[in-house]
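Undergrad: Input work_39.cif, format and content: mmCIF, C-alpha atoms.
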```cif
data_entry
#
loop_
_atom_site.group_PDB
_atom_site.id
_atom_site.type_symbol
_atom_site.label_atom_id
_atom_site.label_comp_id
_atom_site.auth_asym_id
_atom_site.auth_seq_id
_atom_site.Cartn_x
_atom_site.Cartn_y
_atom_site.Cartn_z
ATOM 1 C CA MET P 1 12.762 -16.668 -16.522
ATOM 2 C CA GLY P 2 9.810 -18.286 -18.171
ATOM 3 C CA ASP P 3 6.203 -18.498 -17.078
ATOM 4 C CA ASN P 4 7.013 -17.200 -13.568
ATOM 5 C CA MET P 5 7.058 -13.689 -15.000
ATOM 6 C CA LEU P 6 3.410 -13.962 -16.089
ATOM 7 C CA ASN P 7 1.845 -15.241 -12.855
ATOM 8 C CA GLY P 8 0.721 -11.845 -11.533
ATOM 9 C CA ASN P 9 3.026 -11.985 -8.505
ATOM 10 C CA LEU P 10 4.909 -8.960 -7.283
ATOM 11 C CA LYS P 11 8.475 -9.151 -8.665
ATOM 12 C CA LEU P 12 11.305 -8.261 -6.272
ATOM 13 C CA ALA P 13 14.911 -7.927 -7.487
ATOM 14 C CA LEU P 14 17.602 -8.843 -4.933
ATOM 15 C CA GLN P 15 21.369 -9.071 -5.061
ATOM 16 C CA LYS P 16 22.227 -12.737 -5.690
ATOM 17 C CA ASN P 17 25.520 -12.733 -3.803
ATOM 18 C CA GLY P 18 26.904 -9.786 -1.901
ATOM 19 C CA ARG P 19 26.843 -7.649 1.209
ATOM 20 C CA LEU P 20 23.086 -7.006 1.041
ATOM 21 C CA THR P 21 21.919 -10.543 0.212
ATOM 22 C CA GLU P 22 21.706 -12.153 3.649
ATOM 23 C CA LYS P 23 20.196 -9.133 5.387
ATOM 24 C CA SER P 24 17.640 -8.648 2.610
ATOM 25 C CA LEU P 25 16.549 -12.285 2.847
ATOM 26 C CA ASN P 26 16.401 -11.988 6.644
ATOM 27 C CA LEU P 27 14.159 -8.940 6.272
ATOM 28 C CA LEU P 28 11.747 -10.972 4.130
ATOM 29 C CA LYS P 29 11.793 -13.785 6.674
ATOM 30 C CA SER P 30 11.013 -11.233 9.393
ATOM 31 C CA CYS P 31 7.965 -10.383 7.283
ATOM 32 C CA ASP P 32 6.883 -14.063 7.542
ATOM 33 C CA ILE P 33 7.666 -14.661 3.879
ATOM 34 C CA ASP P 34 8.854 -18.241 3.373
ATOM 35 C CA ILE P 35 11.631 -18.485 0.789
ATOM 36 C CA GLU P 36 12.920 -21.801 -0.549
ATOM 37 C CA GLU P 37 16.537 -22.667 -1.316
ATOM 38 C CA TYR P 38 17.696 -20.229 -3.967
ATOM 39 C CA SER P 39 21.438 -20.708 -4.466
ATOM 40 C CA ALA P 40 21.304 -22.362 -7.898
ATOM 41 C CA ARG P 41 18.388 -20.377 -9.311
ATOM 42 C CA LEU P 42 17.747 -16.989 -10.891
ATOM 43 C CA ILE P 43 14.144 -16.724 -9.713
ATOM 44 C CA VAL P 44 12.289 -18.210 -6.747
ATOM 45 C CA THR P 45 8.676 -17.912 -5.631
ATOM 46 C CA ALA P 46 7.744 -17.458 -1.980
ATOM 47 C CA ARG P 47 5.819 -20.449 -0.623
ATOM 48 C CA ASN P 48 3.248 -18.417 1.286
ATOM 49 C CA TYR P 49 3.104 -15.051 -0.482
ATOM 50 C CA ASN P 50 2.496 -13.722 -3.994
ATOM 51 C CA LEU P 51 6.120 -12.738 -4.469
ATOM 52 C CA ASP P 52 8.729 -13.764 -7.035
ATOM 53 C CA ILE P 53 12.353 -12.978 -6.195
ATOM 54 C CA LEU P 54 14.754 -12.250 -9.065
ATOM 55 C CA LEU P 55 18.368 -12.831 -8.042
ATOM 56 C CA LEU P 56 20.628 -10.453 -9.960
ATOM 57 C CA ARG P 57 23.920 -8.569 -9.931
ATOM 58 C CA ASP P 58 23.437 -5.470 -7.789
ATOM 59 C CA ASP P 59 24.481 -3.218 -10.692
ATOM 60 C CA ASP P 60 21.571 -4.571 -12.764
ATOM 61 C CA ILE P 61 18.821 -4.069 -10.161
ATOM 62 C CA PRO P 62 18.070 -0.361 -10.789
ATOM 63 C CA GLU P 63 17.676 -0.916 -14.546
ATOM 64 C CA TYR P 64 15.495 -4.023 -14.123
ATOM 65 C CA VAL P 65 13.163 -2.048 -11.837
ATOM 66 C CA MET P 66 13.209 1.018 -14.081
ATOM 67 C CA ASP P 67 12.343 -1.107 -17.132
ATOM 68 C CA GLY P 68 9.557 -2.953 -15.290
ATOM 69 C CA VAL P 69 11.104 -6.424 -15.459
ATOM 70 C CA ALA P 70 10.961 -6.235 -11.659
ATOM 71 C CA ASP P 71 8.300 -4.203 -9.843
ATOM 72 C CA ILE P 72 10.502 -3.467 -6.836
ATOM 73 C CA GLY P 73 14.082 -4.043 -5.744
ATOM 74 C CA ILE P 74 16.462 -3.774 -2.823
ATOM 75 C CA VAL P 75 19.748 -2.072 -3.655
ATOM 76 C CA GLY P 76 22.382 0.148 -2.077
ATOM 77 C CA GLU P 77 21.969 3.885 -2.560
ATOM 78 C CA ASP P 78 25.521 3.975 -3.923
ATOM 79 C CA VAL P 79 24.538 1.709 -6.836
ATOM 80 C CA LEU P 80 21.174 3.426 -7.317
ATOM 81 C CA TYR P 81 22.565 6.946 -7.634
ATOM 82 C CA GLU P 82 25.559 5.832 -9.677
ATOM 83 C CA LYS P 83 23.213 4.249 -12.220
ATOM 84 C CA LYS P 84 20.943 7.340 -12.260
ATOM 85 C CA ALA P 85 17.876 5.094 -12.506
ATOM 86 C CA ASN P 86 14.473 6.756 -12.772
ATOM 87 C CA VAL P 87 12.711 4.865 -9.971
ATOM 88 C CA ASP P 88 10.960 5.709 -6.706
ATOM 89 C CA VAL P 89 12.746 5.183 -3.381
ATOM 90 C CA VAL P 90 9.965 3.676 -1.272
ATOM 91 C CA ARG P 91 11.788 2.911 1.998
ATOM 92 C CA LYS P 92 15.215 3.327 3.543
ATOM 93 C CA LEU P 93 15.909 -0.043 5.169
ATOM 94 C CA GLY P 94 18.591 0.824 7.717
ATOM 95 C CA TYR P 95 21.159 -1.872 6.867
ATOM 96 C CA GLY P 96 24.071 -2.162 4.442
ATOM 97 C CA LYS P 97 25.349 1.202 5.610
ATOM 98 C CA CYS P 98 28.642 2.378 4.162
ATOM 99 C CA LYS P 99 30.391 5.544 3.051
ATOM 100 C CA LEU P 100 31.955 6.511 -0.250
ATOM 101 C CA SER P 101 35.120 8.288 0.825
ATOM 102 C CA LEU P 102 38.094 10.049 -0.613
ATOM 103 C CA ALA P 103 41.398 8.385 0.328
ATOM 104 C CA ILE P 104 44.909 9.742 -0.064
ATOM 105 C CA PRO P 105 48.441 8.359 0.413
ATOM 106 C CA GLU P 106 49.426 8.063 4.085
ATOM 107 C CA SER P 107 52.369 10.415 3.584
ATOM 108 C CA GLN P 108 50.162 13.267 2.355
ATOM 109 C CA THR P 109 47.674 15.642 3.930
ATOM 110 C CA LEU P 110 44.478 17.132 2.536
ATOM 111 C CA GLU P 111 43.195 20.056 4.579
ATOM 112 C CA ASP P 112 40.687 21.560 2.195
ATOM 113 C CA LEU P 113 38.609 20.382 -0.753
ATOM 114 C CA SER P 114 40.150 23.083 -2.936
ATOM 115 C CA GLU P 115 43.368 21.047 -2.863
ATOM 116 C CA LEU P 116 41.640 18.537 -5.151
ATOM 117 C CA ASN P 117 41.835 20.980 -8.053
ATOM 118 C CA GLY P 118 44.037 19.561 -10.792
ATOM 119 C CA LYS P 119 44.276 16.132 -9.139
ATOM 120 C CA ARG P 120 43.409 12.744 -10.662
ATOM 121 C CA ILE P 121 40.939 10.686 -8.621
ATOM 122 C CA ALA P 122 40.334 7.006 -9.409
ATOM 123 C CA THR P 123 36.906 5.533 -8.670
ATOM 124 C CA SER P 124 34.318 2.990 -9.742
ATOM 125 C CA PHE P 125 31.601 5.557 -8.910
ATOM 126 C CA PRO P 126 32.315 8.261 -11.519
ATOM 127 C CA ASN P 127 28.809 9.747 -11.589
ATOM 128 C CA ILE P 128 28.578 10.246 -7.819
ATOM 129 C CA LEU P 129 32.114 11.638 -7.685
ATOM 130 C CA LYS P 130 31.585 14.019 -10.627
ATOM 131 C CA SER P 131 28.381 15.286 -9.042
ATOM 132 C CA TYR P 132 30.201 15.907 -5.749
ATOM 133 C CA LEU P 133 33.061 17.732 -7.457
ATOM 134 C CA THR P 134 30.645 19.898 -9.446
ATOM 135 C CA GLN P 135 28.647 20.811 -6.331
ATOM 136 C CA ASN P 136 31.868 21.921 -4.645
ATOM 137 C CA ASN P 137 33.278 23.738 -7.693
ATOM 138 C CA ILE P 138 36.275 21.433 -7.913
ATOM 139 C CA ASN P 139 38.072 20.902 -11.222
ATOM 140 C CA ALA P 140 39.644 17.438 -10.930
ATOM 141 C CA THR P 141 40.068 14.539 -13.352
ATOM 142 C CA VAL P 142 37.929 11.485 -12.638
ATOM 143 C CA VAL P 143 39.647 8.235 -13.629
ATOM 144 C CA GLU P 144 37.060 5.453 -13.951
ATOM 145 C CA ILE P 145 38.307 2.042 -12.789
ATOM 146 C CA SER P 146 36.075 -1.033 -12.540
ATOM 147 C CA GLY P 147 37.959 -2.802 -9.748
ATOM 148 C CA SER P 148 40.964 -2.683 -7.390
ATOM 149 C CA VAL P 149 40.723 1.085 -7.121
ATOM 150 C CA GLU P 150 43.121 1.076 -4.127
ATOM 151 C CA ILE P 151 46.208 0.299 -6.237
ATOM 152 C CA ALA P 152 45.710 3.246 -8.606
ATOM 153 C CA PRO P 153 47.997 5.694 -6.701
ATOM 154 C CA SER P 154 50.837 3.191 -6.378
ATOM 155 C CA LEU P 155 50.625 2.495 -10.127
ATOM 156 C CA GLY P 156 50.699 6.205 -10.910
ATOM 157 C CA VAL P 157 47.243 6.044 -12.499
ATOM 158 C CA ALA P 158 45.769 8.570 -10.044
ATOM 159 C CA ASP P 159 46.744 10.833 -7.150
ATOM 160 C CA TYR P 160 43.821 9.887 -4.906
ATOM 161 C CA ILE P 161 40.964 7.388 -4.877
ATOM 162 C CA CYS P 162 37.260 7.512 -4.082
ATOM 163 C CA ASP P 163 35.844 4.194 -2.896
ATOM 164 C CA LEU P 164 33.563 2.476 -0.396
ATOM 165 C CA VAL P 165 35.224 2.244 3.006
ATOM 166 C CA SER P 166 34.130 0.027 5.889
ATOM 167 C CA THR P 167 36.969 -1.069 8.202
ATOM 168 C CA GLY P 168 39.748 0.782 6.369
ATOM 169 C CA ASN P 169 41.990 -2.302 6.360
ATOM 170 C CA THR P 170 42.248 -2.362 2.566
ATOM 171 C CA LEU P 171 43.354 1.273 2.595
ATOM 172 C CA LYS P 172 46.050 0.553 5.188
ATOM 173 C CA PHE P 173 47.339 -2.395 3.167
ATOM 174 C CA ASN P 174 47.772 -0.056 0.202
ATOM 175 C CA LYS P 175 49.316 2.711 2.346
ATOM 176 C CA LEU P 176 46.278 4.949 2.003
ATOM 177 C CA LYS P 177 44.192 6.796 4.595
ATOM 178 C CA LYS P 178 40.626 8.066 4.559
ATOM 179 C CA SER P 179 40.108 11.781 4.061
ATOM 180 C CA PHE P 180 36.682 13.276 3.219
ATOM 181 C CA ASP P 181 33.397 11.335 3.116
ATOM 182 C CA ILE P 182 31.464 12.260 0.000
ATOM 183 C CA PHE P 183 28.393 10.005 0.070
ATOM 184 C CA SER P 184 26.528 7.939 2.694
ATOM 185 C CA SER P 185 24.687 4.831 1.553
ATOM 186 C CA GLN P 186 22.291 2.233 2.915
ATOM 187 C CA ALA P 187 19.951 -0.370 1.462
ATOM 188 C CA VAL P 188 16.737 1.045 0.024
ATOM 189 C CA LEU P 189 13.557 -0.444 -1.409
ATOM 190 C CA ILE P 190 12.888 0.980 -4.869
ATOM 191 C CA ALA P 191 9.806 0.691 -7.081
ATOM 192 C CA ASN P 192 8.980 1.100 -10.753
ATOM 193 C CA LYS P 193 7.466 4.509 -11.482
ATOM 194 C CA ASN P 194 4.377 2.941 -13.099
ATOM 195 C CA ILE P 195 3.396 0.674 -10.205
ATOM 196 C CA GLU P 196 0.888 3.318 -9.067
ATOM 197 C CA ASN P 197 -1.042 2.690 -12.294
ATOM 198 C CA ASP P 198 -1.471 -1.046 -11.619
ATOM 199 C CA PRO P 199 -4.053 -1.477 -8.808
ATOM 200 C CA ASP P 200 -3.172 -5.142 -8.211
ATOM 201 C CA LYS P 201 0.571 -4.552 -7.968
ATOM 202 C CA LYS P 202 0.058 -1.388 -5.903
ATOM 203 C CA SER P 203 -2.120 -3.329 -3.464
ATOM 204 C CA GLN P 204 0.513 -6.089 -3.206
ATOM 205 C CA LEU P 205 3.231 -3.512 -2.574
ATOM 206 C CA ASP P 206 1.180 -1.733 0.102
ATOM 207 C CA ASN P 207 0.614 -5.056 1.873
ATOM 208 C CA LEU P 208 4.327 -5.862 1.729
ATOM 209 C CA LEU P 209 5.194 -2.400 3.079
ATOM 210 C CA VAL P 210 2.997 -2.981 6.137
ATOM 211 C CA ARG P 211 5.026 -6.104 6.873
ATOM 212 C CA ILE P 212 8.358 -4.395 6.199
ATOM 213 C CA ASP P 213 7.478 -1.403 8.376
ATOM 214 C CA SER P 214 6.424 -3.775 11.149
ATOM 215 C CA ALA P 215 9.729 -5.667 10.952
ATOM 216 C CA LEU P 216 11.836 -2.481 10.807
ATOM 217 C CA THR P 217 10.015 -0.940 13.778
ATOM 218 C CA ALA P 218 10.484 -4.138 15.775
ATOM 219 C CA ARG P 219 14.226 -4.162 15.065
ATOM 220 C CA LYS P 220 14.567 -0.711 16.613
ATOM 221 C CA SER P 221 12.583 -1.678 19.708
ATOM 222 C CA LYS P 222 12.717 -4.080 22.639
ATOM 223 C CA TYR P 223 10.119 -5.282 25.135
ATOM 224 C CA LEU P 224 11.149 -4.220 28.636
ATOM 225 C CA MET P 225 9.793 -6.029 31.723
ATOM 226 C CA MET P 226 10.597 -5.407 35.388
ATOM 227 C CA ASN P 227 9.200 -5.515 38.907
ATOM 228 C CA ALA P 228 8.957 -2.259 40.820
ATOM 229 C CA PRO P 229 7.820 -1.004 44.242
ATOM 230 C CA LYS P 230 4.534 0.874 44.014
ATOM 231 C CA ASN P 231 6.044 3.864 45.784
ATOM 232 C CA SER P 232 8.727 4.139 43.043
ATOM 233 C CA LEU P 233 6.335 3.785 40.136
ATOM 234 C CA GLU P 234 6.116 7.478 39.261
ATOM 235 C CA LYS P 235 9.922 7.770 39.205
ATOM 236 C CA ILE P 236 10.326 4.630 37.075
ATOM 237 C CA GLU P 237 7.676 5.759 34.610
ATOM 238 C CA SER P 238 9.551 9.047 34.162
ATOM 239 C CA ILE P 239 12.763 7.154 33.318
ATOM 240 C CA ILE P 240 11.299 4.797 30.707
ATOM 241 C CA PRO P 241 11.455 6.219 27.135
ATOM 242 C CA SER P 242 8.395 4.185 26.192
ATOM 243 C CA LEU P 243 6.801 4.364 22.749
ATOM 244 C CA LYS P 244 3.470 4.402 24.596
ATOM 245 C CA SER P 245 2.478 4.474 28.267
ATOM 246 C CA PRO P 246 3.861 1.434 30.106
ATOM 247 C CA THR P 247 1.552 -1.364 31.196
ATOM 248 C CA ILE P 248 1.270 -1.802 34.973
ATOM 249 C CA LEU P 249 0.243 -5.229 36.317
ATOM 250 C CA PRO P 250 -0.374 -6.370 39.932
ATOM 251 C CA LEU P 251 1.872 -8.935 41.601
ATOM 252 C CA ALA P 252 1.294 -11.310 44.533
ATOM 253 C CA ASP P 253 3.141 -8.836 46.758
ATOM 254 C CA PRO P 254 0.666 -5.937 47.194
ATOM 255 C CA GLU P 255 3.537 -3.455 47.471
ATOM 256 C CA MET P 256 5.002 -4.457 44.077
ATOM 257 C CA VAL P 257 3.857 -4.176 40.450
ATOM 258 C CA ALA P 258 5.111 -5.458 37.117
ATOM 259 C CA VAL P 259 5.983 -2.809 34.541
ATOM 260 C CA HIS P 260 5.965 -3.680 30.819
ATOM 261 C CA ALA P 261 6.958 -1.253 28.053
ATOM 262 C CA VAL P 262 8.268 -1.102 24.506
ATOM 263 C CA ILE P 263 11.391 1.054 24.295
ATOM 264 C CA PRO P 264 13.912 2.064 21.610
ATOM 265 C CA THR P 265 16.719 -0.522 21.694
ATOM 266 C CA ASN P 266 19.517 2.033 21.905
ATOM 267 C CA LYS P 267 18.035 3.662 25.038
ATOM 268 C CA PHE P 268 18.167 0.668 27.393
ATOM 269 C CA TRP P 269 21.844 0.926 28.278
ATOM 270 C CA GLU P 270 21.374 4.617 29.040
ATOM 271 C CA ILE P 271 18.636 4.003 31.625
ATOM 272 C CA TYR P 272 19.150 0.587 33.221
ATOM 273 C CA LYS P 273 21.252 1.950 36.120
ATOM 274 C CA ASP P 274 18.623 4.627 36.833
ATOM 275 C CA LEU P 275 15.920 1.935 36.847
ATOM 276 C CA LYS P 276 17.842 -0.162 39.368
ATOM 277 C CA GLU P 277 18.538 2.850 41.567
ATOM 278 C CA ALA P 278 14.800 3.645 41.486
ATOM 279 C CA GLY P 279 14.051 0.152 42.859
ATOM 280 C CA ALA P 280 13.398 -1.881 39.703
ATOM 281 C CA SER P 281 14.302 -5.567 39.890
ATOM 282 C CA GLY P 282 14.075 -8.641 37.647
ATOM 283 C CA ILE P 283 14.722 -6.456 34.596
ATOM 284 C CA LEU P 284 14.254 -8.321 31.306
ATOM 285 C CA LEU P 285 14.834 -7.040 27.776
ATOM 286 C CA LEU P 286 13.230 -9.164 25.063
ATOM 287 C CA PRO P 287 13.345 -8.982 21.258
ATOM 288 C CA ILE P 288 10.200 -8.126 19.313
ATOM 289 C CA GLU P 289 9.545 -9.975 16.069
ATOM 290 C CA ASN P 290 6.987 -7.603 14.547
ATOM 291 C CA MET P 291 5.247 -4.481 15.692
ATOM 292 C CA ILE P 292 2.487 -2.419 14.117
ATOM 293 C CA VAL P 293 2.059 1.040 15.607
#
```
Could you express the structure from this file as structure tokens?
TA:
Amino acid sequence: MGDNMLNGNLKLALQKNGRLTEKSLNLLKSCDIDIEEYSARLIVTARNYNLDILLLRDDDIPEYVMDGVADIGIVGEDVLYEKKANVDVVRKLGYGKCKLSLAIPESQTLEDLSELNGKRIATSFPNILKSYLTQNNINATVVEISGSVEIAPSLGVADYICDLVSTGNTLKFNKLKKSFDIFSSQAVLIANKNIENDPDKKSQLDNLLVRIDSALTARKSKYLMMNAPKNSLEKIESIIPSLKSPTILPLADPEMVAVHAVIPTNKFWEIYKDLKEAGASGILLLPIENMIV
């Protein structure tokens, strides 16, 4: 990786190709960090920020951060806890969500965890699975498989499997069905334990976190605008789940006002009918790029 590693920039490890790559890069872009074309490279430097991005296999990210080759990294909690890396989880990022689930043959039933005793369970996450079994006092055999876990029951290698499940289509194709969820995962930002001892790197990280927090807050919020009769204003204000008091602006019509507010994105579809019934009109919902609260 050459001289880039000695330039004093904050080093961020990202998955080179995978389910977290695009959303991680989009998060950086939301932070106004300009990243050049990276597809054929292992390391790229942001054009407008003191940040070097190391593009790695996701399995390698926890160790690179733990060893200090990278200062920080973005990785799924499933990979992080499977690797048992001694790093700090700095932020949960809210994307890349998935569940590690137990799956069984479609023809079988599993009513209680105690039924796992004596069974063979194939997985590529042996550490997480063993920890779960121990916590629940289950004595089962963990069969570690690096790939294509779904075919293990049909080959007679295992009775059940434990794997990441999203749509469930792969399970159906292999005549399996989801049973218990054992671990929930999302993308997290991790940091080397010693970054607190490096004032320059700590300052760079704190600055980056301000940008990340701003982008994450903005993603959960929308800017709501509407016109409202003055005599309905109290009612409309009571409906709006605003992060702060709404802004009220005069309009050319003396009986009307404009109401502006920032609201949680998931609340709009719960309240828009109430707003209309209260007399609101010209309702607009706009995205917010960044927001510092």
Undergrad: Do you have the atom CA of P:Lys23-atom CA of P:Lys178 distance handy?
TA: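 If I compute the distance from atom CA of P:Lys23 to atom CA of P:Lys178, I get 26.7 Å.
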Undergrad: Assuming the chain letters and numbering stay as they are in my file, what does the PyMOL selection byres ((chain P and resi 67) around 10) actually select? List them as a ChimeraX atom specification.
TA: /P:61-66,68-71,85-87,192-194
Undergrad: What separation in Å, quoted to one decimal, exists between atom CA of P:Thr217 and atom CA of P:Lys29?
TA: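 Interatomic distance here is 14.8 Å.
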Undergrad: Take the PyMOL selection byres ((chain P and resi 278) around 9), apply it to the structure above, and return the hits as a count of residues only.
TA: 13
Undergrad: What is the distance, in Å and to one decimal place, between atom CA of P:Glu77 and atom CA of P:Asp112?
TA: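 These atoms are spaced 26.2 Å apart.
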Undergrad: Considering all atoms listed in the file, can you say which of P:Leu164, P:Asn9, P:Ala140, P:Glu22 comes closest to P:Ala46?
TA: P:Asn9
Undergrad: Using all atoms listed in the file, find the one residue out of P:Arg57, P:Lys230, P:Leu102, P:Leu286 that sits nearest to P:Asp253.
TA: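 For P:Asp253, the nearest of the candidates is P:Lys230.
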Undergrad: So which one's closest to P:Val89, P:Ile248, P:Ile74, P:Ile128, P:Ile33? Using all atoms listed in the file, please.
TA: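 Of all the options, P:Ile74 lies closest to P:Val89.
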Undergrad: Identify which of the residues P:Asn139, P:Ser124, P:Thr109, P:Ser148 lies closest to P:Ser179, counting only C-alpha atoms when measuring atom-to-atom distances.
TA: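 Closest to P:Ser179, using only C-alpha atoms: P:Thr109.
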Undergrad: Which residues are near P:Pro126? Cut-off 8 Å, all atoms listed in the file, ignore same chain within fewer than 5 positions. Put them as a compact mmCIF listing (two decimals) with C-alpha atoms, in the coordinates of the input.
TA:
```
# COMPACT_ATOMS: atom_id res chain seq x y z
CA GLU P 82 25.56 5.83 -9.68
CA VAL P 142 37.93 11.48 -12.64
CA VAL P 143 39.65 8.24 -13.63
CA GLU P 144 37.06 5.45 -13.95
```
Undergrad: Apply the PyMOL selection byres ((chain P and resi 218-227) around 6) to the displayed file and report the matching residues as a list in words.
TA: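 Listing what the PyMOL selection byres ((chain P and resi 218-227) around 6) selects in the shown file: Ala215, Leu216, Thr217, Ala228, Val257, Ala258, Val259, His260, Ala261, Val262, Ile263, Pro264, Thr265, Ala280, Ser281, Gly282, Ile283, Leu284, Leu285, Leu286, Pro287, Ile288, Glu289, Asn290 and Met291 of chain P.
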Undergrad: Select all residues near (31.8, 19.7, -4.4) (cut-off 12 Å, inclusive, file coordinates), counting all atoms listed in the file, and output them as a list in words.
TA: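 Answer for this query, in the requested form: Asp112, Leu113, Ser114, Glu115, Leu116, Asn117, Ile128, Leu129, Lys130, Ser131, Tyr132, Leu133, Thr134, Gln135, Asn136, Asn137, Ile138, Asn139, Ala140, Phe180, Asp181, Ile182 and Phe183 of chain P.
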Undergrad: What lies within 6 Å of stretch 105-108 of chain P using all atoms listed in the file, ignoring chain neighbours under 2 positions off, as JSON, numbers by chain?
TA: {"P": [175, 176, 177]}
Undergrad: Find, counting only C-alpha atoms, the residue in P:Ala152, P:Ala103, P:Ala252, P:Leu208 that gets nearest to P:Ser30.
TA: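 Comparing P:Ala152, P:Ala103, P:Ala252, P:Leu208 against P:Ser30, the winner is P:Leu208.
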Undergrad: Find, counting only C-alpha atoms, the residue in P:Ile104, P:Lys99, P:Lys267, P:Asn127 that gets nearest to P:Lys84.
TA: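 Going through P:Ile104, P:Lys99, P:Lys267, P:Asn127 one by one, the smallest distance to P:Lys84 is for P:Asn127.
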Undergrad: How would you write as a PyMOL selection string the residues that get within 7 Å of (43.0, 14.9, -7.8) in the file's frame, counting all atoms listed in the file?
TA: chain P and resi 116-121+140-141+159-160
Undergrad: Quick one: residues within 12 Å of P:Asp206, only C-alpha atoms counted, chain neighbours fewer than 4 positions away excluded, as a list of chain:residue names?
TA: P:Leu10, P:Ile72, P:Val90, P:Arg91, P:Ala191, P:Ile195, P:Glu196, P:Pro199, P:Asp200, P:Lys201, P:Lys202, P:Val210, P:Arg211, P:Ile212, P:Asp213
